[in-house]
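J.: My file is structure-v7.pdb. It has PDB, C-alpha atoms, pLDDT in the B column:
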MODEL        1
ATOM      1  CA  MET P   1      28.964   5.873  16.133  1.00 39.00           C
ATOM      2  CA  PRO P   2      28.650   4.159  12.756  1.00 48.00           C
ATOM      3  CA  GLY P   3      30.312   6.075   9.975  1.00 50.00           C
ATOM      4  CA  LEU P   4      32.374   9.218  10.039  1.00 50.00           C
ATOM      5  CA  ASP P   5      31.938  12.621   8.501  1.00 54.00           C
ATOM      6  CA  PRO P   6      34.174  12.363   5.387  1.00 48.00           C
ATOM      7  CA  THR P   7      35.273  15.986   5.848  1.00 55.00           C
ATOM      8  CA  LEU P   8      36.938  15.249   9.166  1.00 68.00           C
ATOM      9  CA  ASP P   9      40.454  16.461   9.738  1.00 80.00           C
ATOM     10  CA  ARG P  10      43.551  14.703  11.003  1.00 84.00           C
ATOM     11  CA  ARG P  11      42.694  15.411  14.660  1.00 87.00           C
ATOM     12  CA  HIS P  12      39.367  13.626  14.265  1.00 87.00           C
ATOM     13  CA  MET P  13      41.045  10.703  12.530  1.00 92.00           C
ATOM     14  CA  GLU P  14      43.549  10.421  15.381  1.00 93.00           C
ATOM     15  CA  SER P  15      40.575  10.189  17.745  1.00 93.00           C
ATOM     16  CA  PHE P  16      38.986   7.542  15.518  1.00 93.00           C
ATOM     17  CA  ALA P  17      42.236   5.534  15.582  1.00 96.00           C
ATOM     18  CA  ALA P  18      42.405   5.723  19.387  1.00 97.00           C
ATOM     19  CA  ARG P  19      38.798   4.461  19.674  1.00 96.00           C
ATOM     20  CA  TRP P  20      39.526   1.738  17.084  1.00 97.00           C
ATOM     21  CA  ALA P  21      42.538   0.497  19.091  1.00 98.00           C
ATOM     22  CA  ALA P  22      40.570   0.660  22.358  1.00 98.00           C
ATOM     23  CA  ALA P  23      37.805  -1.479  20.806  1.00 98.00           C
ATOM     24  CA  TRP P  24      40.380  -4.045  19.679  1.00 98.00           C
ATOM     25  CA  ASN P  25      42.015  -4.035  23.111  1.00 98.00           C
ATOM     26  CA  ARG P  26      38.580  -4.836  24.592  1.00 98.00           C
ATOM     27  CA  ARG P  27      38.135  -7.518  21.878  1.00 97.00           C
ATOM     28  CA  ASP P  28      34.930  -5.723  20.881  1.00 98.00           C
ATOM     29  CA  VAL P  29      34.530  -6.913  17.295  1.00 97.00           C
ATOM     30  CA  GLU P  30      31.071  -5.321  16.981  1.00 98.00           C
ATOM     31  CA  ALA P  31      32.430  -1.876  17.917  1.00 97.00           C
ATOM     32  CA  VAL P  32      35.069  -2.184  15.189  1.00 97.00           C
ATOM     33  CA  LEU P  33      32.561  -3.535  12.635  1.00 97.00           C
ATOM     34  CA  ALA P  34      30.196  -0.619  13.291  1.00 96.00           C
ATOM     35  CA  HIS P  35      32.489   1.547  11.145  1.00 94.00           C
ATOM     36  CA  PHE P  36      32.528  -0.845   8.164  1.00 96.00           C
ATOM     37  CA  ARG P  37      30.148  -1.139   5.221  1.00 97.00           C
ATOM     38  CA  ASP P  38      28.147  -4.324   4.817  1.00 98.00           C
ATOM     39  CA  ASP P  39      30.056  -5.036   1.571  1.00 98.00           C
ATOM     40  CA  ILE P  40      33.522  -4.356   3.043  1.00 98.00           C
ATOM     41  CA  VAL P  41      36.549  -5.749   1.214  1.00 98.00           C
ATOM     42  CA  PHE P  42      39.268  -6.547   3.767  1.00 97.00           C
ATOM     43  CA  THR P  43      42.722  -7.917   2.927  1.00 96.00           C
ATOM     44  CA  SER P  44      45.230  -9.241   5.457  1.00 93.00           C
ATOM     45  CA  PRO P  45      48.030 -11.807   5.494  1.00 88.00           C
ATOM     46  CA  THR P  46      46.527 -13.197   8.701  1.00 87.00           C
ATOM     47  CA  ALA P  47      43.217 -13.804   6.927  1.00 88.00           C
ATOM     48  CA  LEU P  48      44.964 -16.231   4.608  1.00 86.00           C
ATOM     49  CA  ALA P  49      46.174 -18.289   7.568  1.00 84.00           C
ATOM     50  CA  VAL P  50      42.920 -18.126   9.561  1.00 83.00           C
ATOM     51  CA  ALA P  51      40.192 -18.043   6.892  1.00 83.00           C
ATOM     52  CA  GLY P  52      41.976 -19.610   3.924  1.00 84.00           C
ATOM     53  CA  ALA P  53      41.761 -16.451   1.791  1.00 88.00           C
ATOM     54  CA  ALA P  54      43.742 -13.221   2.029  1.00 90.00           C
ATOM     55  CA  THR P  55      40.709 -11.133   1.078  1.00 96.00           C
ATOM     56  CA  ILE P  56      37.465 -11.245   3.028  1.00 96.00           C
ATOM     57  CA  HIS P  57      34.253 -10.004   1.388  1.00 97.00           C
ATOM     58  CA  GLY P  58      31.351  -8.691   3.430  1.00 97.00           C
ATOM     59  CA  LYS P  59      30.744  -7.848   7.071  1.00 97.00           C
ATOM     60  CA  PRO P  60      29.425 -11.305   8.118  1.00 97.00           C
ATOM     61  CA  ALA P  61      32.546 -13.039   6.757  1.00 96.00           C
ATOM     62  CA  LEU P  62      34.785 -10.408   8.366  1.00 96.00           C
ATOM     63  CA  ARG P  63      33.027 -10.914  11.711  1.00 97.00           C
ATOM     64  CA  ASP P  64      33.572 -14.687  11.436  1.00 94.00           C
ATOM     65  CA  TYR P  65      37.261 -14.216  10.543  1.00 94.00           C
ATOM     66  CA  TRP P  66      37.933 -11.797  13.401  1.00 95.00           C
ATOM     67  CA  ASN P  67      36.106 -13.949  15.956  1.00 95.00           C
ATOM     68  CA  ALA P  68      38.053 -17.031  14.815  1.00 93.00           C
ATOM     69  CA  ALA P  69      41.342 -15.122  14.994  1.00 93.00           C
ATOM     70  CA  LEU P  70      40.560 -13.813  18.493  1.00 95.00           C
ATOM     71  CA  ALA P  71      39.587 -17.286  19.698  1.00 95.00           C
ATOM     72  CA  ALA P  72      43.029 -18.561  18.728  1.00 94.00           C
ATOM     73  CA  ILE P  73      45.004 -15.989  20.745  1.00 95.00           C
ATOM     74  CA  GLY P  74      45.413 -15.343  24.447  1.00 96.00           C
ATOM     75  CA  THR P  75      46.471 -11.703  24.708  1.00 97.00           C
ATOM     76  CA  LEU P  76      46.194  -8.757  22.367  1.00 96.00           C
ATOM     77  CA  HIS P  77      47.174  -5.104  22.717  1.00 98.00           C
ATOM     78  CA  PHE P  78      47.358  -2.399  20.030  1.00 98.00           C
ATOM     79  CA  THR P  79      49.117   0.938  20.617  1.00 97.00           C
ATOM     80  CA  VAL P  80      48.620   3.599  17.945  1.00 98.00           C
ATOM     81  CA  ASP P  81      51.898   5.229  16.932  1.00 96.00           C
ATOM     82  CA  HIS P  82      50.493   7.668  14.384  1.00 96.00           C
ATOM     83  CA  VAL P  83      47.965   8.138  11.618  1.00 96.00           C
ATOM     84  CA  LEU P  84      48.255   9.301   8.033  1.00 96.00           C
ATOM     85  CA  TRP P  85      45.082  10.907   6.661  1.00 95.00           C
ATOM     86  CA  ASP P  86      44.408  11.952   3.058  1.00 93.00           C
ATOM     87  CA  PRO P  87      41.055  13.774   3.088  1.00 90.00           C
ATOM     88  CA  SER P  88      40.820  14.110  -0.696  1.00 89.00           C
ATOM     89  CA  ARG P  89      41.053  10.320  -1.097  1.00 92.00           C
ATOM     90  CA  ARG P  90      39.310   9.579   2.239  1.00 92.00           C
ATOM     91  CA  GLU P  91      42.198   7.245   3.109  1.00 95.00           C
ATOM     92  CA  LEU P  92      43.454   6.607   6.618  1.00 97.00           C
ATOM     93  CA  ALA P  93      46.510   4.615   7.620  1.00 97.00           C
ATOM     94  CA  ILE P  94      46.707   3.652  11.278  1.00 98.00           C
ATOM     95  CA  VAL P  95      50.294   2.757  12.125  1.00 97.00           C
ATOM     96  CA  TYR P  96      50.386   0.838  15.377  1.00 97.00           C
ATOM     97  CA  ASP P  97      52.400  -1.530  17.523  1.00 96.00           C
ATOM     98  CA  SER P  98      50.727  -4.896  17.921  1.00 96.00           C
ATOM     99  CA  ARG P  99      51.467  -7.275  20.785  1.00 96.00           C
ATOM    100  CA  ILE P 100      49.737 -10.621  20.363  1.00 95.00           C
ATOM    101  CA  ASP P 101      50.650 -13.443  22.726  1.00 96.00           C
ATOM    102  CA  GLY P 102      53.970 -11.737  23.474  1.00 94.00           C
ATOM    103  CA  ARG P 103      54.899 -11.246  19.807  1.00 93.00           C
ATOM    104  CA  ASP P 104      55.538  -7.628  18.780  1.00 94.00           C
ATOM    105  CA  ARG P 105      55.004  -6.260  15.287  1.00 93.00           C
ATOM    106  CA  ARG P 106      54.623  -2.893  13.604  1.00 95.00           C
ATOM    107  CA  VAL P 107      51.412  -2.831  11.565  1.00 96.00           C
ATOM    108  CA  SER P 108      49.686  -0.429   9.197  1.00 96.00           C
ATOM    109  CA  GLU P 109      45.967  -0.792   8.649  1.00 97.00           C
ATOM    110  CA  ASN P 110      44.940   1.255   5.639  1.00 98.00           C
ATOM    111  CA  MET P 111      41.261   2.152   5.301  1.00 97.00           C
ATOM    112  CA  THR P 112      39.308   3.830   2.520  1.00 96.00           C
ATOM    113  CA  PHE P 113      36.076   5.543   3.590  1.00 94.00           C
ATOM    114  CA  ASP P 114      33.012   5.947   1.396  1.00 92.00           C
ATOM    115  CA  GLU P 115      31.131   9.239   0.980  1.00 88.00           C
ATOM    116  CA  GLY P 116      28.982   8.393   4.009  1.00 87.00           C
ATOM    117  CA  GLY P 117      31.994   7.886   6.260  1.00 88.00           C
ATOM    118  CA  LEU P 118      32.012   4.080   6.472  1.00 93.00           C
ATOM    119  CA  VAL P 119      35.061   1.956   5.694  1.00 96.00           C
ATOM    120  CA  ALA P 120      34.571   0.474   2.209  1.00 97.00           C
ATOM    121  CA  ALA P 121      37.955  -1.254   1.946  1.00 98.00           C
ATOM    122  CA  ALA P 122      40.853  -2.022   4.263  1.00 97.00           C
ATOM    123  CA  GLU P 123      44.236  -3.653   3.894  1.00 97.00           C
ATOM    124  CA  VAL P 124      46.655  -4.686   6.629  1.00 96.00           C
ATOM    125  CA  PHE P 125      50.452  -4.677   6.306  1.00 94.00           C
ATOM    126  CA  HIS P 126      52.578  -6.410   8.955  1.00 88.00           C
ATOM    127  CA  GLY P 127      56.137  -5.401   9.649  1.00 80.00           C
ATOM    128  CA  VAL P 128      58.940  -7.242  11.300  1.00 67.00           C
ATOM    129  CA  THR P 129      58.843  -8.809  14.729  1.00 63.00           C
ATOM    130  CA  GLY P 130      60.662  -7.083  17.580  1.00 57.00           C
ATOM    131  CA  ILE P 131      59.632  -3.424  17.639  1.00 53.00           C
ATOM    132  CA  GLY P 132      62.103  -0.846  18.848  1.00 52.00           C
TER     133      GLY P 132
ENDMDL
END
Show how you would write the structure in this file as structure tokens.
T.:
Amino acid sequence: MPGLDPTLDRRHMESFAARWAAAWNRRDVEAVLAHFRDDIVFTSPTALAVAGAATIHGKPALRDYWNAALAAIGTLHFTVDHVLWDPSRRELAIVYDSRIDGRDRRVSENMTFDEGGLVAAAEVFHGVTGIG
């Protein structure tokens, strides 16, 4: 399902977040990318380490970054804790617990959707290691 109806409510965004996490847990990069614009601007501290730049421009470059990052790790599991949705700004924050190769972190992935319901920009914030 590429794109989302920009008028969706919090319940729908919680469902989106659950599907997003499930796609990551399957390592299904294409399922995640289906919700992003071709000219996506994506910023993450991990991108700096993996791709040499903190900000990735465009879906092909984002695909390459994510595939390279996944190739370098053994295990990955995301568990959504909660979402924050601002319908007037079309901004979603997915707050989740990330377990990658036994390392736990709290993460917030903040996404801005365009008028057509695709993610136009996203930024990732990593918290401290050792959740809970």
J.: Evaluate the PyMOL selection byres ((chain P and resi 67-69) around 10) and record the selected residues as number ranges by chain, following the chain and residue labels used in the document.
T.: P: 27-29, 46-47, 49-51, 61-66, 70-73
J.: Save out the residues we just selected, C-alpha atoms, as a short mmCIF file (atom, residue, chain, number, x, y, z; two decimals), keeping the file's coordinate frame.
T.:
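Below is the file out.cif, written as the result:
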data_model
loop_
_atom_site.label_atom_id
_atom_site.label_comp_id
_atom_site.auth_asym_id
_atom_site.auth_seq_id
_atom_site.Cartn_x
_atom_site.Cartn_y
_atom_site.Cartn_z
CA ARG P 27 38.14 -7.52 21.88
CA ASP P 28 34.93 -5.72 20.88
CA VAL P 29 34.53 -6.91 17.30
CA THR P 46 46.53 -13.20 8.70
CA ALA P 47 43.22 -13.80 6.93
CA ALA P 49 46.17 -18.29 7.57
CA VAL P 50 42.92 -18.13 9.56
CA ALA P 51 40.19 -18.04 6.89
CA ALA P 61 32.55 -13.04 6.76
CA LEU P 62 34.78 -10.41 8.37
CA ARG P 63 33.03 -10.91 11.71
CA ASP P 64 33.57 -14.69 11.44
CA TYR P 65 37.26 -14.22 10.54
CA TRP P 66 37.93 -11.80 13.40
CA LEU P 70 40.56 -13.81 18.49
CA ALA P 71 39.59 -17.29 19.70
CA ALA P 72 43.03 -18.56 18.73
CA ILE P 73 45.00 -15.99 20.74
#
J.: Taking 4 positions as the minimum chain separation for residues in the same chain, which residues sit within 7 Å of P:Gly58 when counting all atoms listed in the file? Answer as a list in words.
T.: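 Contacts, in chain order: Asp38, Asp39, Ile40, Val41 and Leu62 of chain P.
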J.: Once the PyMOL selection byres ((chain P and resi 108) around 7) has been applied to the shown file, what residues remain in the selection, as a compact mmCIF listing (two decimals) with C-alpha atoms, in the frame of the given file?
T.:
# COMPACT_ATOMS: atom_id res chain seq x y z
CA ALA P 93 46.51 4.62 7.62
CA ILE P 94 46.71 3.65 11.28
CA VAL P 95 50.29 2.76 12.12
CA TYR P 96 50.39 0.84 15.38
CA VAL P 107 51.41 -2.83 11.56
CA GLU P 109 45.97 -0.79 8.65
CA ASN P 110 44.94 1.25 5.64
CA VAL P 124 46.66 -4.69 6.63
CA PHE P 125 50.45 -4.68 6.31
CA HIS P 126 52.58 -6.41 8.96
J.: Kindly provide the residues of stretch 44-119 of chain P that approach stretch 10-18 of chain P to within 10 Å, each paired with its closest atom pair and their distance in Å to one decimal, based on all atoms listed in the file, listed by chain and increasing number, as JSON lines.
T.:
{"residue": "P:Phe78", "atom": "CA", "partner": "P:Ala18", "partner_atom": "CA", "distance": 9.5}
{"residue": "P:Thr79", "atom": "CA", "partner": "P:Ala18", "partner_atom": "CA", "distance": 8.3}
{"residue": "P:Val80", "atom": "CA", "partner": "P:Ala18", "partner_atom": "CA", "distance": 6.7}
{"residue": "P:Asp81", "atom": "CA", "partner": "P:Ala17", "partner_atom": "CA", "distance": 9.8}
{"residue": "P:His82", "atom": "CA", "partner": "P:Glu14", "partner_atom": "CA", "distance": 7.5}
{"residue": "P:Val83", "atom": "CA", "partner": "P:Glu14", "partner_atom": "CA", "distance": 6.2}
{"residue": "P:Leu84", "atom": "CA", "partner": "P:Arg10", "partner_atom": "CA", "distance": 7.8}
{"residue": "P:Trp85", "atom": "CA", "partner": "P:Arg10", "partner_atom": "CA", "distance": 6.0}
{"residue": "P:Asp86", "atom": "CA", "partner": "P:Arg10", "partner_atom": "CA", "distance": 8.5}
{"residue": "P:Pro87", "atom": "CA", "partner": "P:Arg10", "partner_atom": "CA", "distance": 8.4}
{"residue": "P:Leu92", "atom": "CA", "partner": "P:Met13", "partner_atom": "CA", "distance": 7.6}
{"residue": "P:Ala93", "atom": "CA", "partner": "P:Ala17", "partner_atom": "CA", "distance": 9.1}
{"residue": "P:Ile94", "atom": "CA", "partner": "P:Ala17", "partner_atom": "CA", "distance": 6.5}
{"residue": "P:Val95", "atom": "CA", "partner": "P:Ala17", "partner_atom": "CA", "distance": 9.2}
{"residue": "P:Tyr96", "atom": "CA", "partner": "P:Ala17", "partner_atom": "CA", "distance": 9.4}
J.: Which residue, P:Gly127, P:Gly117, P:Arg106, P:His57, has the smallest gap to P:His35 when you use all atoms listed in the file?
T.: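 Among P:Gly127, P:Gly117, P:Arg106, P:His57, it is P:Gly117 that comes nearest to P:His35.
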J.: Can you tell me, as an mmCIF file with C-alpha atoms, keeping the file's coordinate frame, what residues are no more than 8 Å from P:Phe113 when counting only C-alpha atoms, ignoring any on the same chain fewer than 5 positions away?
T.:
data_model
loop_
_atom_site.group_PDB
_atom_site.id
_atom_site.type_symbol
_atom_site.label_atom_id
_atom_site.label_comp_id
_atom_site.auth_asym_id
_atom_site.auth_seq_id
_atom_site.Cartn_x
_atom_site.Cartn_y
_atom_site.Cartn_z
ATOM 1 C CA PRO P 6 34.174 12.363 5.387
ATOM 2 C CA ARG P 90 39.310 9.579 2.239
ATOM 3 C CA GLU P 91 42.198 7.245 3.109
ATOM 4 C CA LEU P 118 32.012 4.080 6.472
ATOM 5 C CA VAL P 119 35.061 1.956 5.694
ATOM 6 C CA ALA P 120 34.571 0.474 2.209
ATOM 7 C CA ALA P 121 37.955 -1.254 1.946
#
J.: Using all atoms listed in the file, can you tell me which of P:Arg89, P:Glu123, P:Glu30, P:Thr75 comes closest to P:Asp104?
T.: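 Looking only at the distances to P:Asp104, the closest residue turns out to be P:Thr75.
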J.: Could you complete stretch 97-115 of chain P so that it carries N, CA and C atoms, and give it back as a JSON list (two decimals), in the frame of the given file?
T.:
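The new file part-v8.json reads:
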[["chain", "number", "residue", "atom", "x", "y", "z"],
["P", 97, "ASP", "N", 51.62, -0.42, 17.01],
["P", 97, "ASP", "CA", 52.40, -1.53, 17.52],
["P", 97, "ASP", "C", 51.42, -2.57, 18.03],
["P", 98, "SER", "N", 51.60, -3.79, 17.57],
["P", 98, "SER", "CA", 50.73, -4.90, 17.92],
["P", 98, "SER", "C", 51.50, -5.88, 18.79],
["P", 99, "ARG", "N", 50.90, -6.23, 19.92],
["P", 99, "ARG", "CA", 51.47, -7.28, 20.78],
["P", 99, "ARG", "C", 50.40, -8.35, 20.92],
["P", 100, "ILE", "N", 50.66, -9.49, 20.32],
["P", 100, "ILE", "CA", 49.74, -10.62, 20.36],
["P", 100, "ILE", "C", 50.49, -11.82, 20.91],
["P", 101, "ASP", "N", 50.01, -12.30, 22.06],
["P", 101, "ASP", "CA", 50.65, -13.44, 22.73],
["P", 101, "ASP", "C", 52.16, -13.26, 22.86],
["P", 102, "GLY", "N", 52.56, -12.03, 23.23],
["P", 102, "GLY", "CA", 53.97, -11.74, 23.47],
["P", 102, "GLY", "C", 54.79, -11.45, 22.23],
["P", 103, "ARG", "N", 54.18, -11.51, 21.06],
["P", 103, "ARG", "CA", 54.90, -11.25, 19.81],
["P", 103, "ARG", "C", 54.61, -9.82, 19.36],
["P", 104, "ASP", "N", 55.67, -9.03, 19.17],
["P", 104, "ASP", "CA", 55.54, -7.63, 18.78],
["P", 104, "ASP", "C", 55.72, -7.46, 17.28],
["P", 105, "ARG", "N", 54.88, -6.61, 16.70],
["P", 105, "ARG", "CA", 55.00, -6.26, 15.29],
["P", 105, "ARG", "C", 54.54, -4.83, 15.07],
["P", 106, "ARG", "N", 55.11, -4.19, 14.08],
["P", 106, "ARG", "CA", 54.62, -2.89, 13.60],
["P", 106, "ARG", "C", 53.64, -3.21, 12.48],
["P", 107, "VAL", "N", 52.48, -2.55, 12.52],
["P", 107, "VAL", "CA", 51.41, -2.83, 11.56],
["P", 107, "VAL", "C", 50.87, -1.52, 11.02],
["P", 108, "SER", "N", 50.43, -1.54, 9.78],
["P", 108, "SER", "CA", 49.69, -0.43, 9.20],
["P", 108, "SER", "C", 48.38, -0.99, 8.67],
["P", 109, "GLU", "N", 47.28, -0.43, 9.16],
["P", 109, "GLU", "CA", 45.97, -0.79, 8.65],
["P", 109, "GLU", "C", 45.48, 0.40, 7.85],
["P", 110, "ASN", "N", 45.32, 0.19, 6.55],
["P", 110, "ASN", "CA", 44.94, 1.25, 5.64],
["P", 110, "ASN", "C", 43.47, 1.11, 5.28],
["P", 111, "MET", "N", 42.70, 2.18, 5.50],
["P", 111, "MET", "CA", 41.26, 2.15, 5.30],
["P", 111, "MET", "C", 40.84, 3.23, 4.31],
["P", 112, "THR", "N", 39.92, 2.87, 3.44],
["P", 112, "THR", "CA", 39.31, 3.83, 2.52],
["P", 112, "THR", "C", 37.85, 3.99, 2.92],
["P", 113, "PHE", "N", 37.43, 5.24, 3.16],
["P", 113, "PHE", "CA", 36.08, 5.54, 3.59],
["P", 113, "PHE", "C", 35.21, 5.94, 2.40],
["P", 114, "ASP", "N", 33.94, 5.53, 2.44],
["P", 114, "ASP", "CA", 33.01, 5.95, 1.40],
["P", 114, "ASP", "C", 32.50, 7.36, 1.69],
["P", 115, "GLU", "N", 31.64, 7.87, 0.83],
["P", 115, "GLU", "CA", 31.13, 9.24, 0.98],
["P", 115, "GLU", "C", 30.33, 9.41, 2.27]]
